>>> print(open('coords_24.csv').read())   # CSV, C-alpha atoms and all ligand atoms
chain,number,residue,atom,x,y,z
A,1,MET,CA,0.0,0.0,0.0
A,2,LYS,CA,1.3,3.4,-0.9
A,3,THR,CA,2.1,6.0,1.7
A,4,VAL,CA,0.9,9.6,1.5
A,5,ILE,CA,2.2,12.5,3.7
A,6,ILE,CA,-0.3,15.5,4.0
A,7,THR,CA,0.5,18.8,5.6
A,8,GLY,CA,-2.1,21.0,7.2
A,9,ALA,CA,-4.1,17.9,7.9
A,10,SER,CA,-5.6,19.0,11.2
A,11,SER,CA,-8.5,20.9,9.5
A,12,GLY,CA,-10.1,21.9,6.3
A,13,ILE,CA,-8.9,20.7,3.0
A,14,GLY,CA,-6.0,18.7,4.5
A,15,GLN,CA,-8.4,16.8,6.9
A,16,ALA,CA,-10.8,16.1,4.0
A,17,ILE,CA,-7.9,14.7,1.9
A,18,ALA,CA,-6.8,12.4,4.7
A,19,ARG,CA,-10.4,11.1,5.1
A,20,LYS,CA,-10.8,10.5,1.4
A,21,LEU,CA,-7.4,8.7,1.0
A,22,ALA,CA,-7.7,6.5,4.1
A,23,LYS,CA,-9.3,3.6,2.3
A,24,ASP,CA,-6.5,3.2,-0.2
A,25,PHE,CA,-3.3,4.7,1.3
A,26,LYS,CA,-1.2,4.6,4.5
A,27,LEU,CA,-1.2,8.1,5.9
A,28,ILE,CA,1.3,10.5,7.6
A,29,ILE,CA,-0.8,13.4,8.8
A,30,CYS,CA,1.0,16.6,9.7
A,31,GLY,CA,-0.3,19.7,11.5
A,32,ARG,CA,0.2,22.3,14.2
A,33,ARG,CA,-2.6,20.9,16.5
A,34,GLN,CA,-1.6,17.6,18.1
A,35,ASP,CA,-5.0,17.1,19.7
A,36,ARG,CA,-6.8,17.4,16.4
A,37,LEU,CA,-4.3,15.1,14.7
A,38,ASN,CA,-4.9,12.5,17.5
A,39,GLU,CA,-8.6,12.6,16.9
A,40,LEU,CA,-8.2,12.2,13.2
A,41,LYS,CA,-5.7,9.3,13.8
A,42,THR,CA,-8.2,7.6,16.1
A,43,GLU,CA,-10.9,7.9,13.4
A,44,LEU,CA,-8.8,6.8,10.4
A,45,SER,CA,-6.8,4.1,12.2
A,46,LYS,CA,-10.0,1.9,11.8
A,47,THR,CA,-9.3,2.0,8.1
A,48,THR,CA,-5.5,2.3,7.6
A,49,ASP,CA,-2.1,2.8,9.3
A,50,VAL,CA,-1.7,6.4,10.4
A,51,HIS,CA,1.3,8.3,11.8
A,52,THR,CA,1.1,11.9,13.1
A,53,LEU,CA,3.8,14.6,12.8
A,54,ASN,CA,3.4,17.7,14.9
A,55,PHE,CA,5.0,20.8,13.3
A,56,ASP,CA,4.3,24.2,11.9
A,57,VAL,CA,5.7,24.3,8.3
A,58,ARG,CA,7.3,27.7,9.2
A,59,GLU,CA,9.6,26.0,11.7
A,60,LYS,CA,12.5,24.8,9.5
A,61,ASP,CA,14.4,22.8,12.0
A,62,LYS,CA,11.3,21.1,13.4
A,63,VAL,CA,10.1,20.2,9.9
A,64,PHE,CA,13.4,18.4,9.1
A,65,GLU,CA,13.7,16.9,12.6
A,66,GLN,CA,10.1,15.4,12.5
A,67,ILE,CA,10.3,14.1,8.9
A,68,ASN,CA,13.8,12.6,9.6
A,69,SER,CA,12.3,10.9,12.7
A,70,LEU,CA,9.7,8.9,10.8
A,71,PRO,CA,9.6,5.2,11.8
A,72,GLU,CA,10.9,2.6,9.3
A,73,ASN,CA,7.4,1.5,8.2
A,74,PHE,CA,6.6,5.1,7.1
A,75,ARG,CA,9.8,6.1,5.5
A,76,LYS,CA,9.0,5.0,1.9
A,77,ILE,CA,6.9,8.0,0.9
A,78,ASP,CA,5.0,7.7,-2.4
A,79,VAL,CA,3.0,10.9,-2.4
A,80,LEU,CA,3.5,14.3,-0.8
A,81,ILE,CA,0.5,16.7,-0.5
A,82,ASN,CA,1.7,20.2,0.2
A,83,ASN,CA,-1.5,21.6,1.5
A,84,ALA,CA,-0.6,23.7,4.5
A,85,GLY,CA,-1.2,27.4,3.9
A,86,ASN,CA,-3.2,30.4,5.0
A,87,ALA,CA,-4.3,33.9,4.2
A,88,HIS,CA,-3.7,36.5,6.9
A,89,GLY,CA,-5.6,39.7,6.5
A,90,LEU,CA,-7.2,41.3,3.4
A,91,ALA,CA,-5.9,44.8,3.2
A,92,ALA,CA,-4.3,47.3,0.8
A,93,PHE,CA,-0.6,46.8,0.6
A,94,GLN,CA,0.1,50.2,2.2
A,95,ASP,CA,-2.2,49.4,5.2
A,96,ALA,CA,-1.4,45.7,5.6
A,97,ASP,CA,0.2,44.4,8.7
A,98,LEU,CA,3.8,43.5,7.9
A,99,GLU,CA,3.7,40.5,10.2
A,100,ASP,CA,0.6,39.1,8.3
A,101,LEU,CA,2.5,39.5,5.0
A,102,GLU,CA,5.6,37.7,6.5
A,103,LYS,CA,3.4,34.8,7.8
A,104,MET,CA,2.0,34.2,4.3
A,105,ILE,CA,5.5,34.1,2.7
A,106,ASP,CA,6.9,32.0,5.5
A,107,GLY,CA,4.0,29.5,5.5
A,108,ASN,CA,2.8,29.3,2.0
A,109,VAL,CA,6.2,29.5,0.3
A,110,LYS,CA,9.1,28.8,2.6
A,111,GLY,CA,7.1,26.1,4.5
A,112,MET,CA,6.3,24.3,1.2
A,113,ILE,CA,10.0,24.4,0.3
A,114,TYR,CA,11.1,23.1,3.7
A,115,VAL,CA,8.7,20.1,3.6
A,116,SER,CA,9.5,19.3,0.0
A,117,LYS,CA,13.2,19.4,0.7
A,118,ALA,CA,12.8,17.2,3.8
A,119,VAL,CA,10.5,14.6,2.0
A,120,LEU,CA,12.3,14.4,-1.3
A,121,PRO,CA,15.3,12.3,-0.1
A,122,LEU,CA,12.8,9.7,1.1
A,123,MET,CA,11.1,9.7,-2.3
A,124,MET,CA,14.1,10.0,-4.6
A,125,LYS,CA,15.4,6.5,-3.8
A,126,ASN,CA,12.3,5.0,-5.5
A,127,GLN,CA,12.6,6.5,-9.0
A,128,THR,CA,8.9,7.2,-8.6
A,129,GLY,CA,6.7,9.5,-6.6
A,130,HIS,CA,4.2,12.3,-6.8
A,131,ILE,CA,4.0,15.8,-5.3
A,132,VAL,CA,0.7,17.6,-5.2
A,133,ASN,CA,0.9,21.3,-4.4
A,134,ILE,CA,-2.3,23.1,-3.3
A,135,SER,CA,-2.1,26.5,-4.9
A,136,SER,CA,-5.1,28.8,-5.5
A,137,THR,CA,-6.7,30.9,-8.2
A,138,ALA,CA,-4.8,33.7,-6.3
A,139,GLY,CA,-1.8,32.2,-8.0
A,140,LYS,CA,-3.3,32.8,-11.4
A,141,GLU,CA,-4.8,36.3,-11.0
A,142,VAL,CA,-4.0,39.2,-8.6
A,143,TYR,CA,-6.9,40.9,-6.8
A,144,ALA,CA,-7.3,44.0,-4.7
A,145,ASN,CA,-6.0,43.8,-1.1
A,146,GLY,CA,-4.5,40.4,-1.8
A,147,THR,CA,-0.9,41.4,-2.9
A,148,THR,CA,1.1,39.1,-0.7
A,149,TYR,CA,-1.3,36.2,-0.5
A,150,CYS,CA,-1.4,36.3,-4.3
A,151,ALA,CA,2.4,36.6,-4.4
A,152,SER,CA,2.7,33.6,-2.2
A,153,LYS,CA,0.5,31.5,-4.5
A,154,TYR,CA,2.2,32.8,-7.6
A,155,ALA,CA,5.3,31.4,-6.0
A,156,VAL,CA,3.6,28.1,-5.4
A,157,GLU,CA,2.7,28.0,-9.2
A,158,ALA,CA,6.4,28.6,-10.0
A,159,LEU,CA,7.5,26.0,-7.5
A,160,SER,CA,5.2,23.4,-9.1
A,161,LYS,CA,6.4,24.2,-12.6
A,162,GLY,CA,10.1,24.2,-11.5
A,163,MET,CA,9.8,21.0,-9.5
A,164,ARG,CA,8.1,19.3,-12.5
A,165,ILE,CA,11.2,20.2,-14.6
A,166,ASP,CA,13.8,19.4,-12.1
A,167,LEU,CA,12.3,16.1,-10.8
A,168,LEU,CA,11.6,14.8,-14.3
A,169,PRO,CA,14.8,12.6,-14.4
A,170,LEU,CA,13.8,11.2,-10.9
A,171,GLY,CA,10.5,9.9,-12.1
A,172,ILE,CA,8.5,12.1,-9.7
A,173,LYS,CA,5.3,13.7,-11.0
A,174,VAL,CA,4.1,17.1,-9.9
A,175,THR,CA,0.5,18.2,-9.9
A,176,ASN,CA,-0.6,21.8,-9.1
A,177,ILE,CA,-4.2,22.2,-7.9
A,178,ALA,CA,-5.6,25.7,-7.8
A,179,PRO,CA,-9.0,26.0,-6.1
A,180,GLY,CA,-11.2,29.1,-6.1
A,181,MET,CA,-13.5,29.8,-3.2
A,182,VAL,CA,-13.7,26.9,-0.7
A,183,GLU,CA,-15.5,27.2,2.6
A,184,THR,CA,-13.3,26.0,5.4
A,185,GLU,CA,-11.6,27.9,8.3
A,186,PHE,CA,-9.7,29.8,5.5
A,187,SER,CA,-11.9,33.0,5.7
A,188,LEU,CA,-12.0,32.8,9.5
A,189,VAL,CA,-8.2,32.9,9.6
A,190,ARG,CA,-8.0,35.6,6.9
A,191,PHE,CA,-10.5,37.8,8.8
A,192,LYS,CA,-8.9,37.1,12.2
A,193,ASN,CA,-11.9,35.2,13.7
A,194,ASP,CA,-14.5,37.7,12.5
A,195,HIS,CA,-17.3,35.2,11.9
A,196,HIS,CA,-19.5,37.8,10.2
A,197,LYS,CA,-16.9,38.8,7.7
A,198,ALA,CA,-16.0,35.1,7.1
A,199,LYS,CA,-19.6,34.2,6.4
A,200,GLN,CA,-20.1,37.2,4.1
A,201,ALA,CA,-17.4,36.0,1.8
A,202,TYR,CA,-19.8,33.2,0.7
A,203,THR,CA,-23.1,35.1,0.9
A,204,GLY,CA,-25.6,34.2,-1.9
A,205,MET,CA,-23.4,31.6,-3.5
A,206,THR,CA,-22.4,28.0,-3.1
A,207,PRO,CA,-18.7,27.7,-2.5
A,208,LEU,CA,-16.6,24.5,-3.0
A,209,THR,CA,-16.2,22.3,0.0
A,210,ALA,CA,-13.0,20.7,1.3
A,211,GLU,CA,-14.4,17.4,0.1
A,212,ASP,CA,-14.6,18.7,-3.5
A,213,ILE,CA,-10.9,19.4,-3.4
A,214,ALA,CA,-10.2,16.0,-1.7
A,215,GLU,CA,-12.0,14.3,-4.7
A,216,THR,CA,-9.7,16.2,-7.1
A,217,VAL,CA,-6.6,15.2,-5.2
A,218,TYR,CA,-7.7,11.6,-5.1
A,219,PHE,CA,-8.4,11.7,-8.9
A,220,ALA,CA,-4.9,13.2,-9.6
A,221,ILE,CA,-3.0,10.6,-7.5
A,222,THR,CA,-4.9,7.5,-8.7
A,223,GLN,CA,-4.2,8.0,-12.5
A,224,PRO,CA,-2.0,5.4,-14.2
A,225,GLU,CA,1.7,5.8,-13.6
A,226,HIS,CA,2.3,7.4,-17.1
A,227,VAL,CA,-0.3,10.1,-16.6
A,228,GLN,CA,0.8,13.4,-15.0
A,229,LEU,CA,-2.0,15.9,-14.3
A,230,ALA,CA,0.0,19.1,-14.4
A,231,ASP,CA,-2.4,21.8,-13.5
A,232,ILE,CA,-6.0,21.7,-12.3
A,233,THR,CA,-8.0,24.9,-11.6
A,234,ILE,CA,-11.3,24.2,-9.7
A,235,LEU,CA,-14.0,26.8,-9.2
A,236,PRO,CA,-17.5,26.8,-7.8
A,237,LYS,CA,-20.1,27.1,-10.5
A,238,ALA,CA,-20.9,30.6,-9.2
A,239,GLN,CA,-17.4,31.9,-9.7
A,240,ALA,CA,-15.7,32.8,-13.0
A,241,SER,CA,-12.7,34.8,-11.6
A,242,ALA,CA,-11.6,36.5,-8.4
A,243,SER,CA,-14.1,39.3,-9.0
A,244,ASN,CA,-16.8,37.7,-11.1
A,245,ILE,CA,-19.0,35.9,-8.6
A,246,LEU,CA,-22.7,35.3,-9.1
A,247,ARG,CA,-24.6,35.9,-5.9
A,248,LYS,CA,-28.3,35.5,-5.5
A,249,ASN,CA,-30.1,38.8,-4.7
A,250,SER,CA,-27.1,40.9,-5.7
B,301,LIG,C1,-8.4,31.0,-1.8
B,301,LIG,C2,-9.2,31.6,-2.9
B,301,LIG,O1,-10.3,33.6,-3.9
B,301,LIG,O2,-9.8,33.7,-1.5
B,301,LIG,O3,-7.1,30.7,-2.1
B,301,LIG,O4,-8.0,33.9,-3.1
B,301,LIG,S1,-9.3,33.3,-2.8
>>> encode(input="coords_24.csv", output="structure tokens", more="lines below")
Ligand code: 8X3
Amino acid sequence: MKTVIITGASSGIGQAIARKLAKDFKLIICGRRQDRLNELKTELSKTTDVHTLNFDVREKDKVFEQINSLPENFRKIDVLINNAGNAHGLAAFQDADLEDLEKMIDGNVKGMIYVSKAVLPLMMKNQTGHIVNISSTAGKEVYANGTTYCASKYAVEALSKGMRIDLLPLGIKVTNIAPGMVETEFSLVRFKNDHHKAKQAYTGMTPLTAEDIAETVYFAITQPEHVQLADITILPKAQASASNILRKNS
């Protein structure tokens, strides 16, 4: 049975991916919140072997230490799902909090680099493997008040393309998945726990769910060995671009 490592698995899209993959894969679930990882492990252990790793992708040393400490039966990694990432604040560049901007570069870009660099030696030995990077439509199109979130996701797009080129001789596939609006804790984090603002983001329209993205990830990683889905953009029916959203009664 193949082994998949998923970052940001303690909630949202990462958690939905773990649930979706449990019937066919062994899982290494990584996240910042050990209590949530434990709950998920208890749930999914009924179906498959699960190992938890507790780190924030921004903590370089911890990322390497934890991944290097994987037990022997979890060290042959077949699939890496780089899912961890967040938006912090939605503000004009001149007004945005510098710490928020740093958090997005540190987590969404540097975190993805750390995890990939830590996992790759475990994958490279096999001459096969698959990396799935969760990007965003914010990596395709810049929108007002989103400068640095968009910059971080543009970087994810570049990392996906660059990894696909560099990992070609190693037999490792790279898939970039760019979702539009997905209702998870994403907006709650972006709006700093303001439930009203978070809810407003999806008013009058039906956003994607974390499960929709999990289905897409499952599809991408269960293709025949010779098939490499390079880039998938997934939108809700009611969204055509960052600013073209069809809302009822608007
Ligand atoms: C999340 C999608 O539209 O909020 O990555 O940038 S959006």
>>> closest_residue(input="coords_24.csv", among="A:Phe64, A:Tyr154, A:Phe93, A:Tyr149", to="Gly111 (chain A)", atoms="all atoms listed in the file")
A:Phe64
>>> closest_atom_pairs(input="coords_24.csv", of="chain A", to="ligand LIG 301 (chain B)", cutoff="10 Å", atoms="all atoms listed in the file", output="tab-separated table")
residue	atom	partner	partner_atom	distance
A:Gly85	CA	B:LIG301	O3	9.0
A:Asn86	CA	B:LIG301	O3	8.1
A:Ala87	CA	B:LIG301	O3	7.6
A:Leu90	CA	B:LIG301	O2	9.4
A:Ile134	CA	B:LIG301	O3	9.1
A:Ser135	CA	B:LIG301	O3	7.1
A:Ser136	CA	B:LIG301	O3	4.4
A:Thr137	CA	B:LIG301	C2	5.9
A:Ala138	CA	B:LIG301	O4	4.5
A:Gly139	CA	B:LIG301	O3	8.1
A:Lys140	CA	B:LIG301	O4	9.6
A:Glu141	CA	B:LIG301	O4	8.9
A:Val142	CA	B:LIG301	O4	8.6
A:Tyr143	CA	B:LIG301	O4	8.0
A:Gly146	CA	B:LIG301	O4	7.5
A:Tyr149	CA	B:LIG301	O4	7.5
A:Cys150	CA	B:LIG301	O4	7.1
A:Lys153	CA	B:LIG301	O3	8.0
A:Ala178	CA	B:LIG301	O3	7.7
A:Pro179	CA	B:LIG301	C2	6.5
A:Gly180	CA	B:LIG301	C2	4.5
A:Met181	CA	B:LIG301	C2	4.7
A:Val182	CA	B:LIG301	C1	6.8
A:Glu183	CA	B:LIG301	C1	9.2
A:Phe186	CA	B:LIG301	C1	7.5
A:Ser187	CA	B:LIG301	O2	7.5
A:Arg190	CA	B:LIG301	O2	8.8
A:Ala201	CA	B:LIG301	O2	8.6
A:Leu235	CA	B:LIG301	C2	9.3
A:Gln239	CA	B:LIG301	O1	9.3
A:Ser241	CA	B:LIG301	O1	8.2
A:Ala242	CA	B:LIG301	O1	5.5
A:Ser243	CA	B:LIG301	O1	8.5
>>> write_last_selection(input="coords_24.csv", atoms="C-alpha atoms", output="PDB file, in the coordinates of the input")
ATOM      1  CA  GLY A  85      -1.200  27.400   3.900  1.00  0.00           C
ATOM      2  CA  ASN A  86      -3.200  30.400   5.000  1.00  0.00           C
ATOM      3  CA  ALA A  87      -4.300  33.900   4.200  1.00  0.00           C
ATOM      4  CA  LEU A  90      -7.200  41.300   3.400  1.00  0.00           C
ATOM      5  CA  ILE A 134      -2.300  23.100  -3.300  1.00  0.00           C
ATOM      6  CA  SER A 135      -2.100  26.500  -4.900  1.00  0.00           C
ATOM      7  CA  SER A 136      -5.100  28.800  -5.500  1.00  0.00           C
ATOM      8  CA  THR A 137      -6.700  30.900  -8.200  1.00  0.00           C
ATOM      9  CA  ALA A 138      -4.800  33.700  -6.300  1.00  0.00           C
ATOM     10  CA  GLY A 139      -1.800  32.200  -8.000  1.00  0.00           C
ATOM     11  CA  LYS A 140      -3.300  32.800 -11.400  1.00  0.00           C
ATOM     12  CA  GLU A 141      -4.800  36.300 -11.000  1.00  0.00           C
ATOM     13  CA  VAL A 142      -4.000  39.200  -8.600  1.00  0.00           C
ATOM     14  CA  TYR A 143      -6.900  40.900  -6.800  1.00  0.00           C
ATOM     15  CA  GLY A 146      -4.500  40.400  -1.800  1.00  0.00           C
ATOM     16  CA  TYR A 149      -1.300  36.200  -0.500  1.00  0.00           C
ATOM     17  CA  CYS A 150      -1.400  36.300  -4.300  1.00  0.00           C
ATOM     18  CA  LYS A 153       0.500  31.500  -4.500  1.00  0.00           C
ATOM     19  CA  ALA A 178      -5.600  25.700  -7.800  1.00  0.00           C
ATOM     20  CA  PRO A 179      -9.000  26.000  -6.100  1.00  0.00           C
ATOM     21  CA  GLY A 180     -11.200  29.100  -6.100  1.00  0.00           C
ATOM     22  CA  MET A 181     -13.500  29.800  -3.200  1.00  0.00           C
ATOM     23  CA  VAL A 182     -13.700  26.900  -0.700  1.00  0.00           C
ATOM     24  CA  GLU A 183     -15.500  27.200   2.600  1.00  0.00           C
ATOM     25  CA  PHE A 186      -9.700  29.800   5.500  1.00  0.00           C
ATOM     26  CA  SER A 187     -11.900  33.000   5.700  1.00  0.00           C
ATOM     27  CA  ARG A 190      -8.000  35.600   6.900  1.00  0.00           C
ATOM     28  CA  ALA A 201     -17.400  36.000   1.800  1.00  0.00           C
ATOM     29  CA  LEU A 235     -14.000  26.800  -9.200  1.00  0.00           C
ATOM     30  CA  GLN A 239     -17.400  31.900  -9.700  1.00  0.00           C
ATOM     31  CA  SER A 241     -12.700  34.800 -11.600  1.00  0.00           C
ATOM     32  CA  ALA A 242     -11.600  36.500  -8.400  1.00  0.00           C
ATOM     33  CA  SER A 243     -14.100  39.300  -9.000  1.00  0.00           C
TER      34      SER A 243
END
>>> atom_distance(input="coords_24.csv", atom1="CA of Lys110 (chain A)", atom2="CA of Gly8 (chain A)")
14.4 Å
>>> closest_atom_pairs(input="coords_24.csv", of="region 194-248 of chain A", to="region 125-129 of chain A", cutoff="12 Å", atoms="all atoms listed in the file", output="tab-separated table")
residue	atom	partner	partner_atom	distance
A:Ile221	CA	A:Gly129	CA	9.8
A:Thr222	CA	A:Gly129	CA	12.0
A:Glu225	CA	A:Thr128	CA	8.9
A:His226	CA	A:Thr128	CA	10.8
A:Gln228	CA	A:Gly129	CA	11.0
>>> atom_distance(input="coords_24.csv", atom1="CA of Met163 (chain A)", atom2="CA of Pro71 (chain A)")
26.5 Å
>>> residues_around(input="coords_24.csv", residues="Ala9 (chain A)", least_positions_apart="3", cutoff="10 Å", atoms="all atoms listed in the file", output="ChimeraX atom specification")
/A:5-6,12-19,28-33,36-37,40,52-53,81-84
>>> residues_around(input="coords_24.csv", residues="Ala158 (chain A)", least_positions_apart="6", cutoff="10 Å", atoms="all atoms listed in the file", output="PyMOL selection string")
chain A and resi 139+152+164+176
>>> residues_around(input="coords_24.csv", residues="Lys248 (chain A)", least_positions_apart="2", cutoff="9 Å", atoms="all atoms listed in the file", output="MDAnalysis selection string")
chainID A and resid 203:205 246 250
>>> write_last_selection(input="coords_24.csv", atoms="C-alpha atoms", output="CSV table (one decimal), in the coordinates of the input")
chain,number,residue,atom,x,y,z
A,203,THR,CA,-23.1,35.1,0.9
A,204,GLY,CA,-25.6,34.2,-1.9
A,205,MET,CA,-23.4,31.6,-3.5
A,246,LEU,CA,-22.7,35.3,-9.1
A,250,SER,CA,-27.1,40.9,-5.7
>>> closest_residue(input="coords_24.csv", among="A:Ala144, A:Val79, A:Ala118, A:Val57", to="Tyr218 (chain A)", atoms="only C-alpha atoms")
A:Val79
>>> residues_near_point(input="coords_24.csv", point="(3.1, 25.5, -10.8)", cutoff="8 Å", atoms="only C-alpha atoms", output="VMD selection string")
chain A and resid 133 135 155 to 162 175 to 176 230 to 231
>>> write_last_selection(input="coords_24.csv", atoms="C-alpha atoms", output="PDB file, in the frame of the given file")
ATOM      1  CA  ASN A 133       0.900  21.300  -4.400  1.00  0.00           C
ATOM      2  CA  SER A 135      -2.100  26.500  -4.900  1.00  0.00           C
ATOM      3  CA  ALA A 155       5.300  31.400  -6.000  1.00  0.00           C
ATOM      4  CA  VAL A 156       3.600  28.100  -5.400  1.00  0.00           C
ATOM      5  CA  GLU A 157       2.700  28.000  -9.200  1.00  0.00           C
ATOM      6  CA  ALA A 158       6.400  28.600 -10.000  1.00  0.00           C
ATOM      7  CA  LEU A 159       7.500  26.000  -7.500  1.00  0.00           C
ATOM      8  CA  SER A 160       5.200  23.400  -9.100  1.00  0.00           C
ATOM      9  CA  LYS A 161       6.400  24.200 -12.600  1.00  0.00           C
ATOM     10  CA  GLY A 162      10.100  24.200 -11.500  1.00  0.00           C
ATOM     11  CA  THR A 175       0.500  18.200  -9.900  1.00  0.00           C
ATOM     12  CA  ASN A 176      -0.600  21.800  -9.100  1.00  0.00           C
ATOM     13  CA  ALA A 230       0.000  19.100 -14.400  1.00  0.00           C
ATOM     14  CA  ASP A 231      -2.400  21.800 -13.500  1.00  0.00           C
TER      15      ASP A 231
END
>>> closest_residue(input="coords_24.csv", among="A:Ile213, A:Val132, A:Val189, A:Leu27", to="Met104 (chain A)", atoms="only C-alpha atoms")
A:Val189
>>> closest_residue(input="coords_24.csv", among="A:Ala22, A:Thr148, A:Thr233, A:Ala238", to="Asp97 (chain A)", atoms="all atoms listed in the file")
A:Thr148
>>> closest_residue(input="coords_24.csv", among="A:Ile234, A:Ile177, A:Met112, A:Met1", to="Val217 (chain A)", atoms="only C-alpha atoms")
A:Ile177
>>> atom_distance(input="coords_24.csv", atom1="CA of Thr147 (chain A)", atom2="CA of Lys237 (chain A)")
25.1 Å
>>> closest_residue(input="coords_24.csv", among="A:Glu99, A:Asp78, A:Glu39, A:Glu65", to="Ile131 (chain A)", atoms="all atoms listed in the file")
A:Asp78
>>> build_atoms(input="coords_24.csv", residues="region 112-118 of chain A", atoms="all heavy atoms", output="PDB file, in the frame of the given file")
ATOM      1  N   MET A 112       6.451  25.328   2.276  1.00  0.00           N
ATOM      2  CA  MET A 112       6.300  24.300   1.200  1.00  0.00           C
ATOM      3  C   MET A 112       7.726  23.852   0.754  1.00  0.00           C
ATOM      4  O   MET A 112       7.942  22.670   0.472  1.00  0.00           O
ATOM      5  CB  MET A 112       5.549  24.914   0.037  1.00  0.00           C
ATOM      6  CG  MET A 112       5.349  23.935  -1.092  1.00  0.00           C
ATOM      7  SD  MET A 112       4.325  24.574  -2.437  1.00  0.00           S
ATOM      8  CE  MET A 112       2.694  24.450  -1.741  1.00  0.00           C
ATOM      9  N   ILE A 113       8.658  24.793   0.724  1.00  0.00           N
ATOM     10  CA  ILE A 113      10.000  24.400   0.300  1.00  0.00           C
ATOM     11  C   ILE A 113      10.657  23.516   1.378  1.00  0.00           C
ATOM     12  O   ILE A 113      11.260  22.489   1.045  1.00  0.00           O
ATOM     13  CB  ILE A 113      10.874  25.721   0.129  1.00  0.00           C
ATOM     14  CG1 ILE A 113      10.371  26.494  -1.096  1.00  0.00           C
ATOM     15  CG2 ILE A 113      12.371  25.381  -0.024  1.00  0.00           C
ATOM     16  CD1 ILE A 113      10.962  27.891  -1.273  1.00  0.00           C
ATOM     17  N   TYR A 114      10.510  23.877   2.659  1.00  0.00           N
ATOM     18  CA  TYR A 114      11.100  23.100   3.700  1.00  0.00           C
ATOM     19  C   TYR A 114      10.581  21.612   3.665  1.00  0.00           C
ATOM     20  O   TYR A 114      11.358  20.651   3.710  1.00  0.00           O
ATOM     21  CB  TYR A 114      10.784  23.611   5.125  1.00  0.00           C
ATOM     22  CG  TYR A 114      11.246  25.006   5.414  1.00  0.00           C
ATOM     23  CD1 TYR A 114      10.580  25.793   6.365  1.00  0.00           C
ATOM     24  CD2 TYR A 114      12.350  25.561   4.764  1.00  0.00           C
ATOM     25  CE1 TYR A 114      11.001  27.078   6.663  1.00  0.00           C
ATOM     26  CE2 TYR A 114      12.771  26.853   5.052  1.00  0.00           C
ATOM     27  CZ  TYR A 114      12.083  27.612   6.000  1.00  0.00           C
ATOM     28  OH  TYR A 114      12.478  28.881   6.281  1.00  0.00           O
ATOM     29  N   VAL A 115       9.240  21.490   3.595  1.00  0.00           N
ATOM     30  CA  VAL A 115       8.700  20.100   3.600  1.00  0.00           C
ATOM     31  C   VAL A 115       9.103  19.347   2.393  1.00  0.00           C
ATOM     32  O   VAL A 115       9.483  18.183   2.500  1.00  0.00           O
ATOM     33  CB  VAL A 115       7.104  20.214   3.714  1.00  0.00           C
ATOM     34  CG1 VAL A 115       6.489  18.827   3.580  1.00  0.00           C
ATOM     35  CG2 VAL A 115       6.658  20.867   5.025  1.00  0.00           C
ATOM     36  N   SER A 116       9.091  19.991   1.241  1.00  0.00           N
ATOM     37  CA  SER A 116       9.500  19.300   0.000  1.00  0.00           C
ATOM     38  C   SER A 116      10.938  18.827   0.087  1.00  0.00           C
ATOM     39  O   SER A 116      11.277  17.696  -0.282  1.00  0.00           O
ATOM     40  CB  SER A 116       9.288  20.174  -1.222  1.00  0.00           C
ATOM     41  OG  SER A 116       7.954  20.626  -1.274  1.00  0.00           O
ATOM     42  N   LYS A 117      11.802  19.710   0.578  1.00  0.00           N
ATOM     43  CA  LYS A 117      13.200  19.400   0.700  1.00  0.00           C
ATOM     44  C   LYS A 117      13.455  18.251   1.708  1.00  0.00           C
ATOM     45  O   LYS A 117      14.378  17.462   1.568  1.00  0.00           O
ATOM     46  CB  LYS A 117      14.058  20.600   1.064  1.00  0.00           C
ATOM     47  CG  LYS A 117      14.157  21.641  -0.042  1.00  0.00           C
ATOM     48  CD  LYS A 117      15.089  21.214  -1.167  1.00  0.00           C
ATOM     49  CE  LYS A 117      16.543  21.342  -0.772  1.00  0.00           C
ATOM     50  NZ  LYS A 117      17.413  20.830  -1.878  1.00  0.00           N
ATOM     51  N   ALA A 118      12.612  18.223   2.747  1.00  0.00           N
ATOM     52  CA  ALA A 118      12.800  17.200   3.800  1.00  0.00           C
ATOM     53  C   ALA A 118      12.246  15.836   3.265  1.00  0.00           C
ATOM     54  O   ALA A 118      12.824  14.790   3.574  1.00  0.00           O
ATOM     55  CB  ALA A 118      12.026  17.590   5.044  1.00  0.00           C
TER      56      ALA A 118
END
